[in-house]
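A.B. asks: mmCIF, C-alpha atoms and all ligand atoms, saved as work_9.cif, coming up:
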data_protein
#
loop_
_atom_site.label_atom_id
_atom_site.label_comp_id
_atom_site.auth_asym_id
_atom_site.auth_seq_id
_atom_site.Cartn_x
_atom_site.Cartn_y
_atom_site.Cartn_z
CA THR A 1 0.00 0.00 0.00
CA PHE A 2 1.17 3.49 -0.91
CA ILE A 3 -0.05 6.35 1.28
CA PRO A 4 0.77 9.66 -0.38
CA GLY A 5 1.58 12.53 1.94
CA SER A 6 1.16 15.43 -0.46
CA LEU A 7 -1.17 15.38 -3.46
CA LEU A 8 -1.32 17.67 -6.47
CA VAL A 9 -4.91 17.41 -7.72
CA THR A 10 -5.53 19.06 -11.09
CA GLY A 11 -9.01 20.18 -12.09
CA GLY A 12 -10.16 20.00 -8.48
CA ALA A 13 -12.72 22.76 -8.98
CA GLY A 14 -14.62 20.69 -11.56
CA PHE A 15 -17.33 18.10 -11.02
CA ILE A 16 -15.35 14.95 -10.25
CA GLY A 17 -12.19 16.62 -8.93
CA SER A 18 -14.13 18.56 -6.29
CA ASN A 19 -16.04 15.47 -5.18
CA PHE A 20 -12.73 13.60 -4.97
CA ILE A 21 -11.21 16.31 -2.76
CA HIS A 22 -14.26 16.28 -0.44
CA SER A 23 -14.11 12.54 -0.01
CA TYR A 24 -10.30 12.21 0.11
CA ILE A 25 -9.99 14.80 2.86
CA ALA A 26 -12.78 13.13 4.83
CA ASN A 27 -10.99 9.77 4.58
CA ASN A 28 -7.44 11.13 5.07
CA PRO A 29 -7.66 14.07 7.47
CA THR A 30 -3.89 14.51 7.78
CA CYS A 31 -3.23 14.71 4.04
CA SER A 32 -2.03 17.76 2.16
CA ILE A 33 -3.74 18.69 -1.13
CA ILE A 34 -2.81 21.38 -3.63
CA ASN A 35 -5.69 21.97 -6.03
CA LEU A 36 -4.42 23.37 -9.35
CA ASP A 37 -7.27 24.57 -11.54
CA ALA A 38 -7.52 27.20 -14.28
CA LEU A 39 -11.17 27.93 -13.38
CA THR A 40 -12.53 27.61 -16.90
CA TYR A 41 -16.32 27.79 -17.37
CA ALA A 42 -16.47 24.33 -15.73
CA GLY A 43 -14.38 25.16 -12.66
CA ASN A 44 -16.20 26.55 -9.66
CA LEU A 45 -14.77 27.18 -6.20
CA ASN A 46 -18.29 26.94 -4.77
CA ASN A 47 -17.92 23.18 -5.34
CA LEU A 48 -15.38 23.18 -2.52
CA LYS A 49 -17.35 24.81 0.28
CA GLY A 50 -16.09 23.54 3.61
CA VAL A 51 -12.85 22.19 2.14
CA GLU A 52 -11.04 25.56 2.48
CA LYS A 53 -11.15 25.09 6.26
CA HIS A 54 -8.95 22.00 6.09
CA PRO A 55 -5.42 23.02 7.15
CA GLY A 56 -3.77 20.78 4.53
CA TYR A 57 -5.74 22.20 1.59
CA SER A 58 -4.73 25.03 -0.71
CA PHE A 59 -5.96 26.30 -4.05
CA VAL A 60 -3.76 27.58 -6.88
CA LYS A 61 -5.36 29.19 -9.92
CA GLY A 62 -3.24 28.16 -12.89
CA ASP A 63 -2.92 26.25 -16.12
CA ILE A 64 -1.61 22.67 -16.36
CA CYS A 65 0.21 23.75 -19.56
CA ASP A 66 2.36 26.13 -17.48
CA ALA A 67 5.47 23.98 -16.99
CA GLY A 68 7.21 26.47 -14.68
CA LEU A 69 4.23 26.63 -12.34
CA VAL A 70 3.82 22.86 -12.30
CA ALA A 71 7.55 22.37 -11.54
CA THR A 72 7.41 24.87 -8.68
CA LEU A 73 4.34 23.27 -7.12
CA LEU A 74 5.82 19.77 -7.33
CA ALA A 75 9.08 20.86 -5.72
CA GLU A 76 7.80 23.30 -3.11
CA HIS A 77 5.14 20.97 -1.75
CA ASN A 78 7.13 17.72 -1.96
CA ILE A 79 4.33 16.25 -4.05
CA ASP A 80 4.36 12.46 -4.09
CA ALA A 81 1.11 11.93 -6.03
CA VAL A 82 -0.42 13.75 -8.97
CA VAL A 83 -4.11 13.00 -9.47
CA HIS A 84 -4.96 14.45 -12.84
CA PHE A 85 -8.61 15.38 -13.46
CA ALA A 86 -8.13 18.68 -15.33
CA ALA A 87 -9.57 18.49 -18.82
CA GLU A 88 -11.96 19.91 -21.30
CA SER A 89 -14.69 17.36 -20.73
CA HIS A 90 -17.78 18.03 -22.83
CA VAL A 91 -18.19 16.07 -26.09
CA ASP A 92 -20.53 18.65 -27.70
CA ARG A 93 -18.02 21.43 -27.11
CA SER A 94 -15.27 19.28 -28.66
CA ILE A 95 -17.32 19.00 -31.85
CA THR A 96 -17.68 22.76 -32.23
CA GLY A 97 -14.14 23.60 -31.02
CA PRO A 98 -11.64 20.71 -30.90
CA GLU A 99 -8.44 22.75 -30.56
CA ILE A 100 -8.70 23.57 -26.85
CA PHE A 101 -9.29 19.85 -26.21
CA VAL A 102 -5.94 18.97 -27.75
CA ARG A 103 -4.21 21.78 -25.89
CA THR A 104 -5.58 20.99 -22.43
CA ASN A 105 -6.04 17.25 -22.60
CA VAL A 106 -2.98 16.25 -24.63
CA LEU A 107 -0.43 19.05 -24.18
CA GLY A 108 -1.54 19.70 -20.59
CA THR A 109 -1.11 16.02 -19.68
CA GLN A 110 2.29 15.89 -21.38
CA THR A 111 3.41 18.98 -19.45
CA LEU A 112 2.35 17.42 -16.16
CA LEU A 113 4.02 14.13 -17.09
CA GLU A 114 7.28 15.80 -18.08
CA GLU A 115 7.52 17.93 -14.94
CA SER A 116 6.51 14.92 -12.84
CA ARG A 117 9.22 12.82 -14.48
CA LYS A 118 11.91 15.37 -13.61
CA HIS A 119 10.60 15.71 -10.06
CA TRP A 120 10.41 11.93 -9.57
CA GLN A 121 13.84 11.33 -11.13
CA SER A 122 15.43 14.02 -8.94
CA GLY A 123 14.78 11.72 -5.99
CA ALA A 124 13.11 14.56 -4.04
CA VAL A 125 10.43 12.16 -2.82
CA GLU A 126 10.76 8.57 -1.71
CA ASP A 127 7.94 7.20 -3.81
CA PHE A 128 5.68 8.73 -6.45
CA ARG A 129 2.50 8.11 -8.46
CA PHE A 130 0.97 9.85 -11.45
CA LEU A 131 -2.71 8.95 -11.78
CA GLN A 132 -4.42 9.82 -15.05
CA ILE A 133 -8.22 10.03 -14.79
CA SER A 134 -9.79 8.94 -18.04
CA THR A 135 -12.99 7.75 -19.58
CA ASP A 136 -14.57 4.66 -21.15
CA GLU A 137 -15.11 6.83 -24.25
CA VAL A 138 -11.50 6.14 -25.32
CA TYR A 139 -12.65 2.62 -26.29
CA GLY A 140 -15.16 3.86 -28.88
CA SER A 141 -18.61 2.36 -29.26
CA LEU A 142 -20.11 -1.09 -28.57
CA GLY A 143 -22.91 -2.96 -30.30
CA ASP A 144 -25.78 -4.46 -28.32
CA SER A 145 -23.54 -6.86 -26.44
CA GLY A 146 -20.05 -7.04 -24.98
CA TYR A 147 -18.11 -4.88 -22.54
CA PHE A 148 -14.99 -2.76 -22.57
CA THR A 149 -12.12 -4.36 -20.66
CA GLU A 150 -8.72 -2.82 -19.95
CA THR A 151 -7.34 -4.58 -23.04
CA THR A 152 -9.99 -3.33 -25.47
CA PRO A 153 -8.12 -1.35 -28.17
CA LEU A 154 -8.51 2.42 -27.99
CA ALA A 155 -10.85 3.57 -30.79
CA ALA A 156 -11.98 7.06 -29.85
CA ASN A 157 -14.66 8.64 -32.06
CA SER A 158 -15.06 12.24 -30.86
CA PRO A 159 -12.41 14.95 -30.58
CA TYR A 160 -12.93 14.80 -26.79
CA SER A 161 -12.32 11.06 -26.54
CA ALA A 162 -9.46 11.23 -29.06
CA SER A 163 -7.72 13.83 -26.89
CA LYS A 164 -8.23 11.67 -23.79
CA ALA A 165 -6.91 8.59 -25.65
CA GLY A 166 -3.86 10.64 -26.71
CA ALA A 167 -3.25 11.56 -23.08
CA ASP A 168 -3.70 7.95 -21.91
CA LEU A 169 -1.11 6.79 -24.45
CA LEU A 170 1.36 9.44 -23.27
CA VAL A 171 0.87 8.17 -19.72
CA ARG A 172 1.56 4.65 -20.95
CA ALA A 173 4.64 5.90 -22.84
CA TYR A 174 6.06 7.59 -19.72
CA HIS A 175 5.77 4.29 -17.89
CA GLU A 176 7.22 2.19 -20.71
CA THR A 177 9.97 4.63 -21.69
CA TYR A 178 11.10 6.12 -18.38
CA GLY A 179 9.71 3.56 -15.96
CA MET A 180 7.67 6.29 -14.33
CA PRO A 181 5.14 5.02 -11.75
CA THR A 182 1.92 5.85 -13.57
CA LEU A 183 -1.67 4.69 -13.10
CA ASN A 184 -4.63 5.11 -15.42
CA THR A 185 -8.32 4.75 -14.62
CA ARG A 186 -11.14 4.78 -17.18
CA CYS A 187 -14.58 5.43 -15.77
CA SER A 188 -18.09 5.40 -17.16
CA ASN A 189 -20.53 8.34 -16.95
CA ASN A 190 -20.67 9.99 -13.56
CA TYR A 191 -23.64 11.65 -11.90
CA GLY A 192 -24.10 13.38 -8.56
CA PRO A 193 -23.69 16.75 -6.83
CA TYR A 194 -21.80 19.65 -8.47
CA HIS A 195 -22.42 18.31 -11.98
CA PHE A 196 -22.45 21.12 -14.51
CA PRO A 197 -25.94 21.35 -16.05
CA GLU A 198 -24.76 20.90 -19.63
CA LYS A 199 -24.55 17.14 -18.98
CA LEU A 200 -27.59 14.87 -19.34
CA ILE A 201 -28.83 14.26 -15.79
CA PRO A 202 -28.36 17.75 -14.29
CA LEU A 203 -29.59 19.33 -17.54
CA MET A 204 -32.83 17.34 -17.29
CA ILE A 205 -33.29 18.12 -13.59
CA HIS A 206 -32.67 21.81 -14.20
CA ASN A 207 -35.03 22.05 -17.19
CA ILE A 208 -37.79 20.07 -15.48
CA ILE A 209 -37.68 22.36 -12.44
CA ASN A 210 -37.99 25.33 -14.81
CA CYS A 211 -40.63 23.67 -17.08
CA ARG A 212 -38.35 23.95 -20.10
CA PRO A 213 -38.08 21.45 -23.01
CA LEU A 214 -35.91 18.38 -22.36
CA PRO A 215 -33.64 17.94 -25.39
CA VAL A 216 -32.90 14.24 -26.05
CA TYR A 217 -30.51 13.30 -28.86
CA GLY A 218 -31.71 11.11 -31.78
CA ASP A 219 -34.04 8.33 -30.70
CA GLY A 220 -32.80 8.39 -27.09
CA ARG A 221 -31.71 4.76 -27.38
CA ASN A 222 -28.00 5.38 -26.77
CA VAL A 223 -26.78 3.36 -23.81
CA ARG A 224 -24.51 4.61 -21.02
CA ASP A 225 -23.29 3.06 -17.80
CA TRP A 226 -23.79 5.40 -14.81
CA LEU A 227 -21.78 5.61 -11.61
CA HIS A 228 -22.24 7.95 -8.65
CA VAL A 229 -19.35 10.42 -8.51
CA ARG A 230 -18.53 9.56 -4.87
CA ASP A 231 -18.18 5.90 -5.85
CA HIS A 232 -15.79 7.01 -8.59
CA ALA A 233 -13.85 9.07 -6.02
CA ALA A 234 -13.59 6.03 -3.74
CA ALA A 235 -12.32 3.89 -6.63
CA VAL A 236 -9.67 6.48 -7.52
CA GLU A 237 -8.45 6.47 -3.91
CA VAL A 238 -8.19 2.68 -3.91
CA VAL A 239 -6.26 2.64 -7.20
CA LEU A 240 -3.91 5.39 -6.00
CA LYS A 241 -3.07 3.52 -2.81
CA LYS A 242 -3.12 -0.11 -3.93
CA ALA A 243 -2.54 -0.47 -7.69
CA ALA A 244 0.76 -1.61 -9.16
CA SER A 245 2.77 0.95 -11.10
CA GLY A 246 1.86 1.02 -14.81
CA SER A 247 -1.59 -0.47 -14.35
CA VAL A 248 -4.89 0.49 -15.97
CA TYR A 249 -8.28 -0.04 -14.29
CA ASN A 250 -11.79 0.36 -15.65
CA ILE A 251 -14.30 1.83 -13.20
CA GLY A 252 -18.01 1.28 -13.76
CA GLY A 253 -21.36 0.94 -12.09
CA ASN A 254 -22.67 -2.16 -13.90
CA ASN A 255 -25.67 0.05 -14.46
CA GLU A 256 -26.60 0.47 -18.11
CA TRP A 257 -29.45 2.73 -19.14
CA HIS A 258 -30.89 3.98 -22.40
CA ASN A 259 -30.77 7.78 -22.31
CA ILE A 260 -34.55 8.02 -22.75
CA ASP A 261 -35.15 5.71 -19.78
CA ILE A 262 -32.99 7.90 -17.55
CA VAL A 263 -34.90 10.97 -18.72
CA ASN A 264 -38.24 9.26 -18.04
CA LEU A 265 -37.06 8.18 -14.59
CA VAL A 266 -35.91 11.70 -13.66
CA CYS A 267 -39.23 13.08 -14.98
CA ASP A 268 -41.25 10.66 -12.86
CA LEU A 269 -39.22 11.19 -9.68
CA LEU A 270 -39.57 14.95 -10.10
CA ASP A 271 -43.36 14.66 -10.74
CA VAL A 272 -43.53 13.33 -7.19
CA ARG A 273 -41.01 15.74 -5.62
CA LEU A 274 -42.55 18.82 -7.28
CA GLY A 275 -46.14 17.75 -6.71
CA ARG A 276 -46.93 17.60 -10.43
CA LYS A 277 -49.40 15.21 -12.09
CA PRO A 278 -48.02 11.75 -13.02
CA GLY A 279 -46.59 12.00 -16.57
CA GLU A 280 -46.59 15.80 -16.60
CA ASN A 281 -42.81 16.19 -16.85
CA ARG A 282 -42.50 13.62 -19.66
CA GLU A 283 -44.50 16.01 -21.86
CA LEU A 284 -41.43 18.29 -21.85
CA ILE A 285 -39.33 15.70 -23.74
CA THR A 286 -38.24 16.96 -27.20
CA PHE A 287 -36.15 14.77 -29.48
CA VAL A 288 -33.41 16.78 -31.21
CA LYS A 289 -31.08 16.02 -34.12
CA ASP A 290 -28.51 13.42 -33.09
CA ARG A 291 -24.98 14.42 -32.11
CA PRO A 292 -22.55 13.65 -35.01
CA GLY A 293 -20.51 10.49 -34.36
CA HIS A 294 -22.73 9.71 -31.34
CA ASP A 295 -21.43 6.46 -29.83
CA ARG A 296 -24.29 3.99 -29.49
CA ARG A 297 -23.35 2.10 -26.39
CA TYR A 298 -20.69 2.17 -23.68
CA ALA A 299 -20.49 -0.59 -21.10
CA ILE A 300 -17.66 -1.15 -18.68
CA ASP A 301 -16.34 -4.40 -17.33
CA ALA A 302 -14.89 -3.41 -13.94
CA THR A 303 -14.20 -6.98 -12.79
CA ARG A 304 -10.47 -6.37 -12.56
CA LEU A 305 -10.94 -3.59 -10.01
CA LYS A 306 -13.31 -5.75 -7.96
CA ASN A 307 -11.13 -8.86 -8.06
CA GLU A 308 -7.72 -7.27 -7.60
CA LEU A 309 -8.41 -4.23 -5.42
CA ASP A 310 -11.72 -5.19 -3.83
CA TRP A 311 -13.68 -2.14 -4.94
CA GLU A 312 -17.41 -2.05 -5.58
CA PRO A 313 -19.86 0.86 -5.77
CA ALA A 314 -21.38 1.59 -2.36
CA ARG A 315 -24.63 3.06 -3.74
CA THR A 316 -27.39 1.61 -5.83
CA PHE A 317 -28.57 3.75 -8.73
CA GLU A 318 -32.01 4.09 -7.13
CA THR A 319 -30.63 5.76 -3.99
CA GLY A 320 -27.96 7.69 -5.90
CA ILE A 321 -30.35 9.31 -8.36
CA GLN A 322 -32.83 10.24 -5.63
CA GLU A 323 -30.00 11.78 -3.56
CA THR A 324 -28.84 13.70 -6.63
CA ILE A 325 -32.29 15.10 -7.38
CA ASP A 326 -32.65 16.14 -3.74
CA TRP A 327 -29.22 17.81 -3.86
CA TYR A 328 -30.19 19.88 -6.92
CA LEU A 329 -33.47 20.90 -5.33
CA ALA A 330 -31.67 21.95 -2.16
CA ASN A 331 -28.89 23.79 -4.02
CA GLN A 332 -30.74 26.01 -6.45
CA ASP A 333 -28.35 28.90 -5.61
CA TRP A 334 -25.43 26.86 -6.91
CA VAL A 335 -27.38 26.06 -10.10
CA ALA A 336 -28.39 29.70 -10.61
CA GLU A 337 -24.79 30.78 -10.26
CA VAL A 338 -23.36 28.27 -12.74
CA THR A 339 -26.11 28.73 -15.32
CA SER A 340 -25.73 32.50 -15.53
CA GLY A 341 -23.52 34.31 -18.03
CA ALA A 342 -21.34 32.22 -20.34
CA TYR A 343 -23.38 29.05 -19.88
CA ARG A 344 -26.57 30.74 -21.12
CA GLU A 345 -24.79 31.84 -24.27
CA TYR A 346 -23.52 28.31 -24.93
CA TYR A 347 -26.92 26.77 -24.25
CA THR A 348 -28.65 29.14 -26.67
CA THR A 349 -26.20 28.29 -29.46
CA GLN A 350 -26.66 24.58 -28.82
CA TYR A 351 -30.42 24.28 -28.32
CA GLY A 352 -31.91 27.68 -29.23
CA ASP A 353 -33.47 30.18 -26.86
CA LYS A 354 -36.09 27.93 -25.26
P1 LIG B 1 -15.22 19.24 -15.49
O1 LIG B 1 -15.31 19.86 -16.85
O2 LIG B 1 -16.36 19.38 -14.54
O3 LIG B 1 -13.92 19.81 -14.73
C1 LIG B 1 -12.70 20.02 -15.37
C2 LIG B 1 -11.89 20.96 -14.50
O4 LIG B 1 -10.61 21.14 -15.13
C3 LIG B 1 -12.50 22.34 -14.33
O5 LIG B 1 -12.48 22.72 -12.97
C4 LIG B 1 -11.61 23.24 -15.16
O6 LIG B 1 -11.51 24.57 -14.66
C5 LIG B 1 -10.28 22.52 -15.08
N1 LIG B 1 -9.39 22.83 -16.21
C6 LIG B 1 -9.71 22.83 -17.53
N2 LIG B 1 -8.63 23.20 -18.26
C7 LIG B 1 -7.61 23.40 -17.38
C8 LIG B 1 -6.25 23.77 -17.53
N3 LIG B 1 -5.71 24.02 -18.75
N4 LIG B 1 -5.48 23.89 -16.43
C9 LIG B 1 -6.01 23.66 -15.20
N5 LIG B 1 -7.29 23.30 -15.00
C10 LIG B 1 -8.09 23.18 -16.08
O7 LIG B 1 -14.88 17.71 -15.76
P2 LIG B 1 -15.28 16.43 -14.91
O8 LIG B 1 -16.57 15.91 -15.41
O9 LIG B 1 -15.09 16.69 -13.47
O10 LIG B 1 -14.16 15.42 -15.40
C11 LIG B 1 -12.90 15.32 -14.73
C12 LIG B 1 -12.04 14.27 -15.40
O11 LIG B 1 -12.71 13.02 -15.40
C13 LIG B 1 -11.74 14.58 -16.86
O12 LIG B 1 -10.40 14.24 -17.12
C14 LIG B 1 -12.70 13.68 -17.64
O13 LIG B 1 -12.16 13.33 -18.88
C15 LIG B 1 -12.79 12.50 -16.71
N6 LIG B 1 -14.06 11.73 -16.77
C16 LIG B 1 -15.27 12.35 -16.65
C17 LIG B 1 -16.44 11.59 -16.65
C18 LIG B 1 -17.80 12.22 -16.44
O14 LIG B 1 -18.81 11.52 -16.48
N7 LIG B 1 -17.89 13.53 -16.18
C19 LIG B 1 -16.35 10.21 -16.78
C20 LIG B 1 -15.11 9.61 -16.91
C21 LIG B 1 -13.96 10.38 -16.89
#
What does the file become when written as structure tokens?
Ligand code: NAD
C.D. replies:
Amino acid sequence: TFIPGSLLVTGGAGFIGSNFIHSYIANNPTCSIINLDALTYAGNLNNLKGVEKHPGYSFVKGDICDAGLVATLLAEHNIDAVVHFAAESHVDRSITGPEIFVRTNVLGTQTLLEESRKHWQSGAVEDFRFLQISTDEVYGSLGDSGYFTETTPLAANSPYSASKAGADLLVRAYHETYGMPTLNTRCSNNYGPYHFPEKLIPLMIHNIINCRPLPVYGDGRNVRDWLHVRDHAAAVEVVLKKAASGSVYNIGGNNEWHNIDIVNLVCDLLDVRLGRKPGENRELITFVKDRPGHDRRYAIDATRLKNELDWEPARTFETGIQETIDWYLANQDWVAEVTSGAYREYYTTQYGDK
């Protein structure tokens, strides 16, 4: 077991990074965490309420492509683990503007790897890990059957997933070429608190509350596997502490849903919570033109993680989705803040001014 003393978490003001910091600090109260985040449209310090009080936590606003800054942080804080969440993460945005995806996801990862390599090779710390957080989307699309395993060839189909696959291969190369102690996790779709409302589940919750149309791509029959973000955070912690250097682990919820079924479920749960008539929210569903290159099905085989590192999701989907809906209802201030300004502009370009 490896217990890092000082973590550099990148992208810790985003959805998954912030949830990871909340849960890691709760589980490891004596740890030190530097959160490096550029605060793009997706980064929000309000995701970290309460965390600022932890004596070992500090925030640095900066870019992962800034090699000088990364080198300074690694050296000054004796970092022995980099947990790399920072990314451009939204497929639709990668279709309209791929360049920033290559810059942040590929060049940013290479910058972190290179500075980490120098820091690790300098012998400044006794042991070291570089953990790359990635996605099942690097494997491409599945037909009606079968699962992605860690040995499924990478076959990314969107500029987003291609940039993540590029980063994953660089991580692999740093292990193979320099022997650097790297780890790579690939997770299915996450849901839960602090999820930016451009993504399916929070978008639906937000629009239902506001009685706005619910845009569903194509025929709504695309299949995704869903995992609660805190279960993902727990899996990342297990991999960081227990996995062998150079290893890759899939993380999934064994919880496949057609998009339309998720939307119907959220509609029905919110009929009850908002005191609306049964079926009322479903009337808001509007099918929109499919996303180009839309992968039909993703499904993760996470057996390796279960068998080797003894990890399983702690929540069922039924409790997780109810908790998530309740969180959004209780945190309308957070939603109002993140949906103002730049997000409105983006939403209008994507779906029109409805
Ligand atoms: P997010 O978009 O919510 O957060 C990304 C964070 O990275 C933001 O805080 C942003 O400010 C920061 N960032 C962006 N560019 C940066 C830069 N150049 N320098 C420093 N910080 C920068 O994304 P998320 O959904 O939390 O995803 C986190 C990671 O997990 C990503 O690497 C993503 O590929 C991966 N992932 C996401 C999912 C999912 O369902 N959301 C599933 C599997 C894997």
A.B. asks: Residues contacting ligand LIG 1 (chain B) - anything with an atom at most 7 Å away, using only C-alpha atoms and all ligand atoms - can you give me those as a PyMOL selection string?
C.D. replies: chain A and resi 10-17+36-44+62-65+84-90+104+108+133-136+164+186-191+195-196
A.B. asks: With C-alpha atoms retained, write the just-selected residues as a compact mmCIF listing (two decimals), in the coordinates of the input.
C.D. replies:
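Result file is part-v3.txt:
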# COMPACT_ATOMS: atom_id res chain seq x y z
CA THR A 10 -5.53 19.06 -11.09
CA GLY A 11 -9.01 20.18 -12.09
CA GLY A 12 -10.16 20.00 -8.48
CA ALA A 13 -12.72 22.76 -8.98
CA GLY A 14 -14.62 20.69 -11.56
CA PHE A 15 -17.33 18.10 -11.02
CA ILE A 16 -15.35 14.95 -10.25
CA GLY A 17 -12.19 16.62 -8.93
CA LEU A 36 -4.42 23.37 -9.35
CA ASP A 37 -7.27 24.57 -11.54
CA ALA A 38 -7.52 27.20 -14.28
CA LEU A 39 -11.17 27.93 -13.38
CA THR A 40 -12.53 27.61 -16.90
CA TYR A 41 -16.32 27.79 -17.37
CA ALA A 42 -16.47 24.33 -15.73
CA GLY A 43 -14.38 25.16 -12.66
CA ASN A 44 -16.20 26.55 -9.66
CA GLY A 62 -3.24 28.16 -12.89
CA ASP A 63 -2.92 26.25 -16.12
CA ILE A 64 -1.61 22.67 -16.36
CA CYS A 65 0.21 23.75 -19.56
CA HIS A 84 -4.96 14.45 -12.84
CA PHE A 85 -8.61 15.38 -13.46
CA ALA A 86 -8.13 18.68 -15.33
CA ALA A 87 -9.57 18.49 -18.82
CA GLU A 88 -11.96 19.91 -21.30
CA SER A 89 -14.69 17.36 -20.73
CA HIS A 90 -17.78 18.03 -22.83
CA THR A 104 -5.58 20.99 -22.43
CA GLY A 108 -1.54 19.70 -20.59
CA ILE A 133 -8.22 10.03 -14.79
CA SER A 134 -9.79 8.94 -18.04
CA THR A 135 -12.99 7.75 -19.58
CA ASP A 136 -14.57 4.66 -21.15
CA LYS A 164 -8.23 11.67 -23.79
CA ARG A 186 -11.14 4.78 -17.18
CA CYS A 187 -14.58 5.43 -15.77
CA SER A 188 -18.09 5.40 -17.16
CA ASN A 189 -20.53 8.34 -16.95
CA ASN A 190 -20.67 9.99 -13.56
CA TYR A 191 -23.64 11.65 -11.90
CA HIS A 195 -22.42 18.31 -11.98
CA PHE A 196 -22.45 21.12 -14.51
A.B. asks: Any idea what the distance is between CA of Ala165 in chain A and CA of Asn105 in chain A?
C.D. replies: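 Spanning CA of Ala165 in chain A to CA of Asn105 in chain A is a straight-line distance of 9.2 Å.
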A.B. asks: CA of Ser158 in chain A and CA of Thr286 in chain A are how many Å apart?
C.D. replies: 23.9 Å
A.B. asks: Using only C-alpha atoms, which of A:Gly50, A:Gly246, A:Pro202, A:Pro215 sits nearest Ser23 in chain A?
C.D. replies: A:Gly50
A.B. asks: Work out how far apart CA of Ile21 in chain A and CA of Ala75 in chain A are and give it in Å to one decimal.
C.D. replies: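 These atoms are spaced 21.0 Å apart.
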A.B. asks: Determine the nearest neighbour of Val239 in chain A from the options A:Glu308, A:Asp290, A:Asp261, A:Glu137, counting all atoms listed in the file.
C.D. replies: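 The closest residue to Val239 in chain A is A:Glu308.
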A.B. asks: Please work out which residues fall within 10 Å of (-3.5, 6.9, -4.9), coordinates as given in the file, with only C-alpha atoms counting, and return them as a list in words.
C.D. replies: Thr1, Phe2, Ile3, Pro4, Leu7, Tyr24, Asp80, Ala81, Val82, Val83, Phe128, Arg129, Phe130, Leu131, Leu183, Ala235, Val236, Glu237, Val238, Val239, Leu240, Lys241, Lys242 and Ala243 of chain A
A.B. asks: Give the answer as one residue: which of A:Pro292, A:Pro197, A:Gly123, A:Gly140 has the shortest atom-to-atom distance to Tyr217 in chain A, using only C-alpha atoms?
C.D. replies: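 Once distances to Tyr217 in chain A are computed over only C-alpha atoms, the minimum belongs to A:Pro292.
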